[in-house]
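Engineer: Take a look at data-v1.pdb, PDB, C-alpha atoms, pLDDT in the B column:
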```pdb
ATOM      1  CA  MET T  47      28.639   0.424 -60.609  1.00 55.00           C
ATOM      2  CA  LYS T  48      31.450   1.260 -58.220  1.00 56.00           C
ATOM      3  CA  ILE T  49      29.788   4.585 -57.432  1.00 62.00           C
ATOM      4  CA  TRP T  50      26.527   2.760 -56.560  1.00 55.00           C
ATOM      5  CA  LYS T  51      28.343   0.394 -54.198  1.00 57.00           C
ATOM      6  CA  THR T  52      30.168   3.327 -52.626  1.00 61.00           C
ATOM      7  CA  LEU T  53      26.842   5.107 -52.055  1.00 52.00           C
ATOM      8  CA  GLN T  54      25.372   1.962 -50.468  1.00 60.00           C
ATOM      9  CA  GLN T  55      28.347   1.689 -48.102  1.00 62.00           C
ATOM     10  CA  TRP T  56      28.055   5.346 -47.133  1.00 57.00           C
ATOM     11  CA  SER T  57      24.305   4.927 -46.605  1.00 65.00           C
ATOM     12  CA  LYS T  58      24.887   2.001 -44.235  1.00 61.00           C
ATOM     13  CA  LEU T  59      27.495   4.022 -42.357  1.00 59.00           C
ATOM     14  CA  VAL T  60      25.159   7.010 -42.021  1.00 57.00           C
ATOM     15  CA  TRP T  61      22.336   4.805 -40.668  1.00 61.00           C
ATOM     16  CA  LEU T  62      24.752   3.179 -38.230  1.00 63.00           C
ATOM     17  CA  ILE T  63      25.811   6.605 -36.947  1.00 66.00           C
ATOM     18  CA  VAL T  64      22.126   7.618 -36.618  1.00 58.00           C
ATOM     19  CA  PHE T  65      21.303   4.483 -34.621  1.00 62.00           C
ATOM     20  CA  ILE T  66      24.323   5.002 -32.339  1.00 65.00           C
ATOM     21  CA  PHE T  67      23.332   8.629 -31.795  1.00 58.00           C
ATOM     22  CA  MET T  68      19.742   7.692 -30.972  1.00 63.00           C
ATOM     23  CA  GLY T  69      20.968   5.008 -28.567  1.00 56.00           C
ATOM     24  CA  VAL T  70      23.182   7.522 -26.762  1.00 49.00           C
ATOM     25  CA  ILE T  71      20.255   9.947 -26.451  1.00 51.00           C
ATOM     26  CA  LEU T  72      17.971   7.182 -25.158  1.00 53.00           C
ATOM     27  CA  MET T  73      20.502   5.983 -22.577  1.00 54.00           C
ATOM     28  CA  SER T  74      21.120   9.551 -21.453  1.00 44.00           C
ATOM     29  CA  SER T  75      17.385  10.158 -21.127  1.00 44.00           C
ATOM     30  CA  MET T  76      16.909   6.970 -19.095  1.00 44.00           C
ATOM     31  CA  HIS T  77      19.819   7.878 -16.821  1.00 43.00           C
ATOM     32  CA  HIS T  78      18.410  11.362 -16.331  1.00 42.00           C
ATOM     33  CA  LYS T  79      14.945   9.980 -15.579  1.00 44.00           C
ATOM     34  CA  ARG T  80      16.294   7.526 -13.008  1.00 43.00           C
ATOM     35  CA  ASN T  81      17.975  10.399 -11.222  1.00 45.00           C
ATOM     36  CA  ASP T  82      14.874  12.568 -11.229  1.00 48.00           C
ATOM     37  CA  MET T  83      13.058  13.100  -7.971  1.00 51.00           C
ATOM     38  CA  ALA T  84       9.562  11.792  -7.413  1.00 54.00           C
ATOM     39  CA  ARG T  85       8.417  14.993  -5.746  1.00 64.00           C
ATOM     40  CA  GLU T  86       4.716  14.300  -5.672  1.00 78.00           C
ATOM     41  CA  TRP T  87       2.778  11.658  -3.754  1.00 80.00           C
ATOM     42  CA  VAL T  88      -0.507  10.330  -5.069  1.00 88.00           C
ATOM     43  CA  ILE T  89      -2.217   8.339  -2.313  1.00 91.00           C
ATOM     44  CA  ASP T  90      -5.532   6.667  -3.029  1.00 94.00           C
ATOM     45  CA  ILE T  91      -7.228   4.906  -0.103  1.00 96.00           C
ATOM     46  CA  ASP T  92     -10.338   2.938  -1.001  1.00 95.00           C
ATOM     47  CA  PRO T  93     -13.118   3.706   1.496  1.00 95.00           C
ATOM     48  CA  MET T  94     -14.670   0.937   3.550  1.00 92.00           C
ATOM     49  CA  ARG T  95     -18.174  -0.330   2.853  1.00 89.00           C
ATOM     50  CA  ASP T  96     -19.640   2.407   5.068  1.00 89.00           C
ATOM     51  CA  GLY T  97     -17.434   5.069   3.460  1.00 92.00           C
ATOM     52  CA  GLY T  98     -15.074   5.377   6.439  1.00 94.00           C
ATOM     53  CA  TYR T  99     -11.276   5.438   6.685  1.00 96.00           C
ATOM     54  CA  LEU T 100      -9.197   3.673   9.344  1.00 96.00           C
ATOM     55  CA  LEU T 101      -6.029   5.568   8.382  1.00 94.00           C
ATOM     56  CA  THR T 102      -5.090   8.843   6.712  1.00 94.00           C
ATOM     57  CA  GLU T 103      -2.797   9.877   3.864  1.00 91.00           C
ATOM     58  CA  ALA T 104      -0.465  11.478   6.415  1.00 90.00           C
ATOM     59  CA  GLU T 105      -0.121   8.159   8.237  1.00 91.00           C
ATOM     60  CA  VAL T 106       0.652   6.405   4.956  1.00 91.00           C
ATOM     61  CA  LYS T 107       3.475   8.873   4.288  1.00 86.00           C
ATOM     62  CA  GLN T 108       4.858   8.322   7.785  1.00 86.00           C
ATOM     63  CA  MET T 109       5.225   4.604   7.093  1.00 85.00           C
ATOM     64  CA  LEU T 110       7.553   5.252   4.147  1.00 80.00           C
ATOM     65  CA  PRO T 111      10.978   6.933   3.950  1.00 72.00           C
ATOM     66  CA  ALA T 112      10.798  10.459   2.504  1.00 59.00           C
ATOM     67  CA  GLY T 113      13.523  12.248   0.579  1.00 42.00           C
ATOM     68  CA  LYS T 114      14.738  15.824   0.752  1.00 38.00           C
ATOM     69  CA  ASP T 115      12.029  18.457   1.190  1.00 41.00           C
ATOM     70  CA  GLY T 116       9.406  15.774   1.657  1.00 45.00           C
ATOM     71  CA  ALA T 117       9.958  14.307  -1.815  1.00 47.00           C
ATOM     72  CA  ALA T 118       9.357  10.606  -2.222  1.00 51.00           C
ATOM     73  CA  GLY T 119      12.962  10.097  -3.334  1.00 47.00           C
ATOM     74  CA  ILE T 120      15.163   9.556  -6.387  1.00 44.00           C
ATOM     75  CA  LEU T 121      13.324   7.342  -8.888  1.00 45.00           C
ATOM     76  CA  ASP T 122      16.238   4.931  -9.285  1.00 47.00           C
ATOM     77  CA  ASP T 123      16.435   4.515  -5.493  1.00 47.00           C
ATOM     78  CA  LEU T 124      12.745   3.831  -4.918  1.00 58.00           C
ATOM     79  CA  GLU T 125      12.201   0.229  -3.848  1.00 75.00           C
ATOM     80  CA  VAL T 126       8.489  -0.160  -4.452  1.00 78.00           C
ATOM     81  CA  ASP T 127       8.447  -3.823  -3.401  1.00 83.00           C
ATOM     82  CA  LYS T 128       9.798  -2.932   0.029  1.00 85.00           C
ATOM     83  CA  MET T 129       7.346  -0.044   0.271  1.00 84.00           C
ATOM     84  CA  GLU T 130       4.462  -2.379  -0.476  1.00 88.00           C
ATOM     85  CA  ALA T 131       5.716  -4.804   2.173  1.00 89.00           C
ATOM     86  CA  LEU T 132       5.915  -1.993   4.748  1.00 88.00           C
ATOM     87  CA  LEU T 133       2.381  -0.900   4.004  1.00 92.00           C
ATOM     88  CA  ARG T 134       0.967  -4.427   4.034  1.00 91.00           C
ATOM     89  CA  ASN T 135       2.373  -4.981   7.492  1.00 91.00           C
ATOM     90  CA  HIS T 136       0.122  -2.237   8.842  1.00 93.00           C
ATOM     91  CA  PRO T 137      -3.034  -3.697  10.423  1.00 92.00           C
ATOM     92  CA  HIS T 138      -5.288  -1.142   8.731  1.00 95.00           C
ATOM     93  CA  VAL T 139      -4.016  -2.077   5.253  1.00 95.00           C
ATOM     94  CA  ALA T 140      -5.384  -5.158   3.510  1.00 94.00           C
ATOM     95  CA  ARG T 141      -3.653  -4.629   0.161  1.00 94.00           C
ATOM     96  CA  ALA T 142      -1.188  -2.093  -1.205  1.00 93.00           C
ATOM     97  CA  ASP T 143       0.094  -1.270  -4.669  1.00 92.00           C
ATOM     98  CA  VAL T 144       3.033   1.132  -5.114  1.00 89.00           C
ATOM     99  CA  PHE T 145       4.366   2.342  -8.483  1.00 86.00           C
ATOM    100  CA  VAL T 146       5.839   5.377 -10.262  1.00 82.00           C
ATOM    101  CA  ASP T 147       3.475   6.758 -12.899  1.00 78.00           C
ATOM    102  CA  ALA T 148       4.275   8.442 -16.220  1.00 76.00           C
ATOM    103  CA  ARG T 149       4.526  11.847 -14.515  1.00 78.00           C
ATOM    104  CA  ASN T 150       7.219  10.657 -12.082  1.00 77.00           C
ATOM    105  CA  ARG T 151       4.766  10.604  -9.181  1.00 80.00           C
ATOM    106  CA  LEU T 152       4.916   7.993  -6.462  1.00 82.00           C
ATOM    107  CA  SER T 153       1.443   6.462  -6.627  1.00 86.00           C
ATOM    108  CA  ILE T 154       0.094   4.429  -3.717  1.00 91.00           C
ATOM    109  CA  ARG T 155      -3.194   2.552  -3.777  1.00 94.00           C
ATOM    110  CA  ILE T 156      -4.495   1.036  -0.563  1.00 95.00           C
ATOM    111  CA  GLU T 157      -7.403  -1.247   0.241  1.00 96.00           C
ATOM    112  CA  GLN T 158      -8.591  -1.266   3.833  1.00 96.00           C
ATOM    113  CA  PRO T 159      -9.770  -4.436   5.562  1.00 95.00           C
ATOM    114  CA  GLU T 160     -13.479  -5.179   5.621  1.00 94.00           C
ATOM    115  CA  LEU T 161     -14.437  -5.511   9.272  1.00 95.00           C
ATOM    116  CA  LEU T 162     -17.134  -7.967  10.370  1.00 95.00           C
ATOM    117  CA  VAL T 163     -17.385  -7.473  14.143  1.00 96.00           C
ATOM    118  CA  ARG T 164     -15.937  -5.495  17.023  1.00 95.00           C
ATOM    119  CA  VAL T 165     -14.907  -7.622  20.000  1.00 96.00           C
ATOM    120  CA  ILE T 166     -15.005  -6.480  23.639  1.00 94.00           C
ATOM    121  CA  ASP T 167     -14.033  -9.552  25.620  1.00 88.00           C
ATOM    122  CA  GLN T 168     -14.169 -10.338  29.329  1.00 89.00           C
ATOM    123  CA  ARG T 169     -10.603  -9.041  29.762  1.00 88.00           C
ATOM    124  CA  GLY T 170     -11.545  -5.616  28.422  1.00 87.00           C
ATOM    125  CA  ALA T 171      -9.691  -6.055  25.115  1.00 90.00           C
ATOM    126  CA  HIS T 172     -11.084  -4.086  22.162  1.00 93.00           C
ATOM    127  CA  TYR T 173     -10.386  -5.109  18.563  1.00 95.00           C
ATOM    128  CA  TYR T 174     -12.028  -5.888  15.238  1.00 96.00           C
ATOM    129  CA  ILE T 175     -12.048  -9.097  13.220  1.00 95.00           C
ATOM    130  CA  SER T 176     -11.823  -8.668   9.439  1.00 94.00           C
ATOM    131  CA  ASP T 177     -13.527 -10.738   6.781  1.00 91.00           C
ATOM    132  CA  GLU T 178     -10.182 -12.529   6.343  1.00 91.00           C
ATOM    133  CA  GLY T 179     -10.233 -13.627   9.975  1.00 91.00           C
ATOM    134  CA  LYS T 180      -7.493 -11.237  11.117  1.00 92.00           C
ATOM    135  CA  ARG T 181      -7.373  -9.182  14.285  1.00 93.00           C
ATOM    136  CA  THR T 182      -7.476  -5.467  13.510  1.00 94.00           C
ATOM    137  CA  PRO T 183      -6.871  -2.797  16.163  1.00 95.00           C
ATOM    138  CA  VAL T 184      -9.348  -0.018  16.829  1.00 95.00           C
ATOM    139  CA  SER T 185      -8.773   3.120  14.747  1.00 94.00           C
ATOM    140  CA  ARG T 186      -8.795   6.632  16.185  1.00 92.00           C
ATOM    141  CA  HIS T 187     -10.297   7.942  12.938  1.00 93.00           C
ATOM    142  CA  HIS T 188     -13.340   5.786  12.388  1.00 94.00           C
ATOM    143  CA  ALA T 189     -15.589   3.372  14.269  1.00 93.00           C
ATOM    144  CA  PRO T 190     -17.685   1.364  11.813  1.00 93.00           C
ATOM    145  CA  ARG T 191     -21.197   0.473  12.905  1.00 92.00           C
ATOM    146  CA  ILE T 192     -20.949  -3.308  12.970  1.00 95.00           C
ATOM    147  CA  PRO T 193     -22.102  -5.902  15.540  1.00 96.00           C
ATOM    148  CA  VAL T 194     -20.306  -5.829  18.897  1.00 97.00           C
ATOM    149  CA  VAL T 195     -19.217  -9.211  20.253  1.00 96.00           C
ATOM    150  CA  THR T 196     -19.157  -9.773  24.021  1.00 95.00           C
ATOM    151  CA  GLY T 197     -19.028 -12.773  26.325  1.00 92.00           C
ATOM    152  CA  VAL T 198     -16.452 -15.326  27.411  1.00 90.00           C
ATOM    153  CA  LEU T 199     -13.851 -15.661  24.663  1.00 91.00           C
ATOM    154  CA  PRO T 200     -10.367 -17.180  24.466  1.00 91.00           C
ATOM    155  CA  LEU T 201      -7.357 -15.095  23.469  1.00 91.00           C
ATOM    156  CA  PHE T 202      -7.563 -14.364  19.767  1.00 89.00           C
ATOM    157  CA  ALA T 203      -5.089 -15.566  17.153  1.00 87.00           C
ATOM    158  CA  ASP T 204      -5.544 -15.233  13.386  1.00 85.00           C
ATOM    159  CA  SER T 205      -5.255 -18.989  12.893  1.00 86.00           C
ATOM    160  CA  LEU T 206      -8.190 -19.690  15.236  1.00 86.00           C
ATOM    161  CA  ALA T 207     -10.700 -18.193  12.791  1.00 84.00           C
ATOM    162  CA  GLN T 208      -9.727 -20.934  10.322  1.00 85.00           C
ATOM    163  CA  GLN T 209     -10.059 -23.872  12.723  1.00 88.00           C
ATOM    164  CA  PRO T 210     -13.362 -25.729  12.157  1.00 87.00           C
ATOM    165  CA  GLY T 211     -15.469 -25.856  15.308  1.00 86.00           C
ATOM    166  CA  HIS T 212     -13.521 -23.167  17.143  1.00 90.00           C
ATOM    167  CA  VAL T 213     -15.645 -20.400  18.655  1.00 91.00           C
ATOM    168  CA  PHE T 214     -13.891 -17.768  16.503  1.00 92.00           C
ATOM    169  CA  ALA T 215     -14.506 -19.803  13.334  1.00 92.00           C
ATOM    170  CA  GLN T 216     -18.169 -20.104  14.333  1.00 93.00           C
ATOM    171  CA  LEU T 217     -18.313 -16.399  15.105  1.00 93.00           C
ATOM    172  CA  MET T 218     -16.823 -15.607  11.689  1.00 93.00           C
ATOM    173  CA  ALA T 219     -19.441 -17.773   9.992  1.00 94.00           C
ATOM    174  CA  LEU T 220     -22.250 -16.063  11.909  1.00 95.00           C
ATOM    175  CA  ALA T 221     -20.872 -12.567  11.222  1.00 95.00           C
ATOM    176  CA  ALA T 222     -20.520 -13.363   7.510  1.00 94.00           C
ATOM    177  CA  ALA T 223     -24.112 -14.665   7.401  1.00 95.00           C
ATOM    178  CA  ILE T 224     -25.335 -11.467   9.087  1.00 96.00           C
ATOM    179  CA  ARG T 225     -23.365  -9.317   6.643  1.00 94.00           C
ATOM    180  CA  GLN T 226     -24.941 -11.097   3.665  1.00 94.00           C
ATOM    181  CA  ASP T 227     -28.480 -10.868   5.067  1.00 95.00           C
ATOM    182  CA  GLU T 228     -29.789  -7.336   4.533  1.00 93.00           C
ATOM    183  CA  PHE T 229     -32.461  -7.645   7.227  1.00 95.00           C
ATOM    184  CA  ALA T 230     -30.120  -9.146   9.850  1.00 95.00           C
ATOM    185  CA  SER T 231     -27.342  -6.692   8.992  1.00 94.00           C
ATOM    186  CA  ALA T 232     -29.622  -3.762   9.781  1.00 94.00           C
ATOM    187  CA  LEU T 233     -31.043  -5.422  12.911  1.00 95.00           C
ATOM    188  CA  VAL T 234     -28.199  -7.084  14.860  1.00 96.00           C
ATOM    189  CA  GLU T 235     -26.472  -4.831  17.371  1.00 96.00           C
ATOM    190  CA  GLN T 236     -24.680  -7.272  19.677  1.00 96.00           C
ATOM    191  CA  ILE T 237     -23.609 -10.932  19.727  1.00 97.00           C
ATOM    192  CA  ASP T 238     -22.924 -12.501  23.122  1.00 96.00           C
ATOM    193  CA  CYS T 239     -20.923 -15.754  23.067  1.00 93.00           C
ATOM    194  CA  ARG T 240     -21.242 -18.260  25.899  1.00 87.00           C
ATOM    195  CA  LYS T 241     -20.720 -22.041  25.881  1.00 80.00           C
ATOM    196  CA  GLY T 242     -21.356 -22.613  22.197  1.00 78.00           C
ATOM    197  CA  THR T 243     -24.490 -20.461  22.103  1.00 89.00           C
ATOM    198  CA  PHE T 244     -24.820 -17.050  20.507  1.00 95.00           C
ATOM    199  CA  THR T 245     -27.304 -14.569  21.949  1.00 96.00           C
ATOM    200  CA  ILE T 246     -28.363 -11.880  19.504  1.00 96.00           C
ATOM    201  CA  VAL T 247     -29.306  -8.476  20.894  1.00 96.00           C
ATOM    202  CA  PRO T 248     -31.397  -6.665  18.255  1.00 96.00           C
ATOM    203  CA  LYS T 249     -31.734  -2.926  17.770  1.00 93.00           C
ATOM    204  CA  MET T 250     -35.523  -3.249  17.928  1.00 90.00           C
ATOM    205  CA  GLY T 251     -37.228  -5.027  20.822  1.00 89.00           C
ATOM    206  CA  ARG T 252     -36.355  -5.999  24.406  1.00 90.00           C
ATOM    207  CA  PHE T 253     -36.227  -9.728  23.607  1.00 94.00           C
ATOM    208  CA  ARG T 254     -33.142 -11.763  22.739  1.00 96.00           C
ATOM    209  CA  PHE T 255     -32.520 -14.465  20.120  1.00 97.00           C
ATOM    210  CA  LEU T 256     -30.681 -17.722  20.855  1.00 96.00           C
ATOM    211  CA  LEU T 257     -28.664 -19.198  17.978  1.00 95.00           C
ATOM    212  CA  GLY T 258     -26.775 -22.491  18.015  1.00 90.00           C
ATOM    213  CA  ALA T 259     -23.384 -22.976  16.379  1.00 85.00           C
ATOM    214  CA  ASP T 260     -24.345 -26.500  15.285  1.00 76.00           C
ATOM    215  CA  SER T 261     -27.180 -25.235  13.080  1.00 77.00           C
ATOM    216  CA  SER T 262     -27.276 -23.314   9.834  1.00 90.00           C
ATOM    217  CA  PHE T 263     -26.906 -19.614  10.572  1.00 94.00           C
ATOM    218  CA  ASP T 264     -28.693 -18.705   7.339  1.00 94.00           C
ATOM    219  CA  HIS T 265     -31.698 -20.776   8.427  1.00 94.00           C
ATOM    220  CA  GLN T 266     -31.729 -19.284  11.933  1.00 95.00           C
ATOM    221  CA  LEU T 267     -31.543 -15.738  10.581  1.00 96.00           C
ATOM    222  CA  ALA T 268     -34.454 -16.548   8.276  1.00 95.00           C
ATOM    223  CA  LEU T 269     -36.441 -17.679  11.351  1.00 95.00           C
ATOM    224  CA  MET T 270     -35.587 -14.387  13.033  1.00 95.00           C
ATOM    225  CA  ARG T 271     -37.054 -12.543  10.069  1.00 95.00           C
ATOM    226  CA  THR T 272     -40.169 -14.751  10.272  1.00 95.00           C
ATOM    227  CA  PHE T 273     -40.544 -13.863  13.963  1.00 96.00           C
ATOM    228  CA  TYR T 274     -40.603 -10.142  13.179  1.00 95.00           C
ATOM    229  CA  ARG T 275     -42.929 -10.567  10.211  1.00 94.00           C
ATOM    230  CA  ASP T 276     -45.470 -13.104  11.485  1.00 94.00           C
ATOM    231  CA  ILE T 277     -45.326 -13.447  15.273  1.00 93.00           C
ATOM    232  CA  LEU T 278     -44.728  -9.936  16.597  1.00 92.00           C
ATOM    233  CA  PRO T 279     -47.723  -8.339  14.859  1.00 92.00           C
ATOM    234  CA  ALA T 280     -50.025 -10.877  16.524  1.00 91.00           C
ATOM    235  CA  SER T 281     -48.436 -11.130  19.972  1.00 91.00           C
ATOM    236  CA  GLY T 282     -47.037  -7.633  20.571  1.00 90.00           C
ATOM    237  CA  TRP T 283     -43.526  -6.377  21.281  1.00 91.00           C
ATOM    238  CA  ASP T 284     -43.614  -6.941  25.057  1.00 90.00           C
ATOM    239  CA  THR T 285     -44.871 -10.531  25.073  1.00 92.00           C
ATOM    240  CA  TYR T 286     -41.582 -12.418  24.842  1.00 94.00           C
ATOM    241  CA  GLN T 287     -38.180 -12.095  26.457  1.00 95.00           C
ATOM    242  CA  MET T 288     -36.331 -14.940  24.699  1.00 96.00           C
ATOM    243  CA  VAL T 289     -36.711 -16.404  21.206  1.00 96.00           C
ATOM    244  CA  ASP T 290     -34.919 -19.726  20.629  1.00 96.00           C
ATOM    245  CA  LEU T 291     -34.019 -20.384  16.986  1.00 95.00           C
ATOM    246  CA  ARG T 292     -31.741 -23.391  17.527  1.00 92.00           C
ATOM    247  CA  TYR T 293     -34.254 -25.989  16.380  1.00 89.00           C
ATOM    248  CA  LYS T 294     -34.783 -26.566  12.675  1.00 87.00           C
ATOM    249  CA  GLY T 295     -38.054 -25.151  11.467  1.00 86.00           C
ATOM    250  CA  GLN T 296     -39.106 -24.034  14.938  1.00 92.00           C
ATOM    251  CA  ILE T 297     -39.346 -20.736  16.794  1.00 95.00           C
ATOM    252  CA  VAL T 298     -39.559 -21.381  20.550  1.00 95.00           C
ATOM    253  CA  CYS T 299     -40.591 -18.272  22.482  1.00 94.00           C
ATOM    254  CA  LYS T 300     -40.308 -17.669  26.219  1.00 93.00           C
ATOM    255  CA  LYS T 301     -42.780 -15.144  27.596  1.00 92.00           C
ATOM    256  CA  SER T 302     -41.761 -12.154  29.639  1.00 87.00           C
ATOM    257  CA  VAL T 303     -42.326 -12.397  33.378  1.00 77.00           C
TER     258      VAL T 303
END
```
What does the file become when written as structure tokens?
Structural biologist:
Amino acid sequence: MKIWKTLQQWSKLVWLIVFIFMGVILMSSMHHKRNDMAREWVIDIDPMRDGGYLLTEAEVKQMLPAGKDGAAGILDDLEVDKMEALLRNHPHVARADVFVDARNRLSIRIEQPELLVRVIDQRGAHYYISDEGKRTPVSRHHAPRIPVVTGVLPLFADSLAQQPGHVFAQLMALAAAIRQDEFASALVEQIDCRKGTFTIVPKMGRFRFLLGADSSFDHQLALMRTFYRDILPASGWDTYQMVDLRYKGQIVCKKSV
């Protein structure tokens, strides 16, 4: 009986030593891993809707501090939250996710902003407006083919696109409606803004369309499609110079001189 108890005590002691040994190995491994270098960058930039890129992998690297020999840095020193904040502050980055993967690589995933329009105002300023209502500077790498906005516009601020009734809020609503309408998206080349009225310059035809901000843009774009489908075939492409879509259920056409 005493021998059995002695064996049980020795067994417990052996298992305790095993657990301590495994703990030491685990702690040593974790310490070693934290001091490893993340020597490889994995940068994944989601393309825009048209497949373009506003920024490059090289520019992403330049935004972040690099370690010795271009390595991303010691794993334990990497502050991924701060890296994400740095990336998100860049105007060509909508969202960023930074993490260290199982192979000790610094992985960076970036979503670019979706751009609705390009603005060229009366002051000569050039910029984009994203689908989140934010001003985005022009990129030297890519110029998406989206409607160009001209006319008399106030100075832009991100908050203005969220103010009901403001010209930029109205412009955002119109641009979003155009983006969602396959026909209008392929047709609209330019939007001119003046005194609460939007003049659409199409890619096909010498005429112009008048749209009102106080009417449903979806309805007015549907009227524009009706004009191309039903009126143009009967009247001809050179008959009209202005097509007014501001009145519900009506298409008012002004003939060319």
Engineer: Taking the file above as input, evaluate the PyMOL selection byres ((chain T and resi 201) around 10) and report the hits as a ChimeraX atom specification.
Structural biologist: /T:167,169,171,198-200,202-203,206,214
Engineer: Pick from T:Leu267, T:Glu86, T:Phe253, T:Pro183: nearest to Ser231 of chain T, with all atoms listed in the file counted?
Structural biologist: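 Closest to Ser231 of chain T of all the choices is T:Leu267.
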Engineer: Report the residues retrieved by the PyMOL selection byres ((chain T and resi 232) around 10) from the displayed file, expressed as a short mmCIF file (atom, residue, chain, number, x, y, z; two decimals) with C-alpha atoms, in the frame of the given file.
Structural biologist:
```
data_model
loop_
_atom_site.label_atom_id
_atom_site.label_comp_id
_atom_site.auth_asym_id
_atom_site.auth_seq_id
_atom_site.Cartn_x
_atom_site.Cartn_y
_atom_site.Cartn_z
CA ARG T 191 -21.20 0.47 12.90
CA ILE T 192 -20.95 -3.31 12.97
CA PRO T 193 -22.10 -5.90 15.54
CA ILE T 224 -25.34 -11.47 9.09
CA ARG T 225 -23.36 -9.32 6.64
CA ASP T 227 -28.48 -10.87 5.07
CA GLU T 228 -29.79 -7.34 4.53
CA PHE T 229 -32.46 -7.64 7.23
CA ALA T 230 -30.12 -9.15 9.85
CA SER T 231 -27.34 -6.69 8.99
CA LEU T 233 -31.04 -5.42 12.91
CA VAL T 234 -28.20 -7.08 14.86
CA GLU T 235 -26.47 -4.83 17.37
CA PRO T 248 -31.40 -6.66 18.26
CA LYS T 249 -31.73 -2.93 17.77
#
```
Engineer: Given only C-alpha atoms as the basis, pick out the residue of T:Lys180, T:Ala221, T:Asp260, T:Ala140 nearest to Gln208 of chain T.
Structural biologist: T:Lys180
Engineer: Got a sec to resolve the PyMOL selection byres ((chain T and resi 154) around 9) on this structure and send the residues as a PyMOL selection string?
Structural biologist: chain T and resi 87-91+106+130+142-146+152-153+155-156
Engineer: Distance atom CA of Thr285 of chain T-atom CA of Arg254 of chain T, one decimal place?
Structural biologist: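 Taking atom CA of Thr285 of chain T as the start and atom CA of Arg254 of chain T as the end point, the length is 12.0 Å.
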Engineer: Would you please take segment 210-249 of chain T of the structure in the block above and write C-alpha atoms to a file as a PDB file, in the first residue's frame?
Structural biologist:
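Listing of out17.pdb after writing:
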```pdb
ATOM      1  CA  PRO T 210     -29.949  68.124 -46.957  1.00  0.00           C
ATOM      2  CA  GLY T 211     -30.631  70.637 -49.714  1.00  0.00           C
ATOM      3  CA  HIS T 212     -27.001  71.631 -50.191  1.00  0.00           C
ATOM      4  CA  VAL T 213     -25.778  71.551 -53.790  1.00  0.00           C
ATOM      5  CA  PHE T 214     -23.140  68.921 -52.918  1.00  0.00           C
ATOM      6  CA  ALA T 215     -25.753  66.716 -51.224  1.00  0.00           C
ATOM      7  CA  GLN T 216     -27.937  67.058 -54.326  1.00  0.00           C
ATOM      8  CA  LEU T 217     -24.969  66.316 -56.558  1.00  0.00           C
ATOM      9  CA  MET T 218     -24.187  63.195 -54.517  1.00  0.00           C
ATOM     10  CA  ALA T 219     -27.775  62.002 -54.877  1.00  0.00           C
ATOM     11  CA  LEU T 220     -27.694  62.566 -58.641  1.00  0.00           C
ATOM     12  CA  ALA T 221     -24.298  60.863 -59.034  1.00  0.00           C
ATOM     13  CA  ALA T 222     -25.488  57.871 -56.992  1.00  0.00           C
ATOM     14  CA  ALA T 223     -28.643  57.606 -59.134  1.00  0.00           C
ATOM     15  CA  ILE T 224     -26.516  57.686 -62.300  1.00  0.00           C
ATOM     16  CA  ARG T 225     -24.188  55.014 -60.913  1.00  0.00           C
ATOM     17  CA  GLN T 226     -27.128  52.707 -60.172  1.00  0.00           C
ATOM     18  CA  ASP T 227     -28.742  53.236 -63.586  1.00  0.00           C
ATOM     19  CA  GLU T 228     -26.868  51.161 -66.167  1.00  0.00           C
ATOM     20  CA  PHE T 229     -28.121  53.225 -69.110  1.00  0.00           C
ATOM     21  CA  ALA T 230     -27.364  56.606 -67.495  1.00  0.00           C
ATOM     22  CA  SER T 231     -23.991  55.404 -66.207  1.00  0.00           C
ATOM     23  CA  ALA T 232     -22.883  54.579 -69.743  1.00  0.00           C
ATOM     24  CA  LEU T 233     -24.362  57.785 -71.195  1.00  0.00           C
ATOM     25  CA  VAL T 234     -23.575  60.709 -68.854  1.00  0.00           C
ATOM     26  CA  GLU T 235     -20.275  62.442 -69.538  1.00  0.00           C
ATOM     27  CA  GLN T 236     -20.642  65.794 -67.772  1.00  0.00           C
ATOM     28  CA  ILE T 237     -22.857  67.435 -65.136  1.00  0.00           C
ATOM     29  CA  ASP T 238     -22.968  71.234 -65.074  1.00  0.00           C
ATOM     30  CA  CYS T 239     -24.340  72.797 -61.870  1.00  0.00           C
ATOM     31  CA  ARG T 240     -25.891  76.260 -61.926  1.00  0.00           C
ATOM     32  CA  LYS T 241     -28.538  77.784 -59.637  1.00  0.00           C
ATOM     33  CA  GLY T 242     -30.130  74.549 -58.494  1.00  0.00           C
ATOM     34  CA  THR T 243     -30.316  73.064 -61.990  1.00  0.00           C
ATOM     35  CA  PHE T 244     -28.182  70.254 -63.349  1.00  0.00           C
ATOM     36  CA  THR T 245     -27.408  70.154 -67.063  1.00  0.00           C
ATOM     37  CA  ILE T 246     -26.445  66.717 -68.324  1.00  0.00           C
ATOM     38  CA  VAL T 247     -24.053  66.501 -71.264  1.00  0.00           C
ATOM     39  CA  PRO T 248     -24.424  63.033 -72.831  1.00  0.00           C
ATOM     40  CA  LYS T 249     -21.805  61.104 -74.767  1.00  0.00           C
TER      41      LYS T 249
END
```
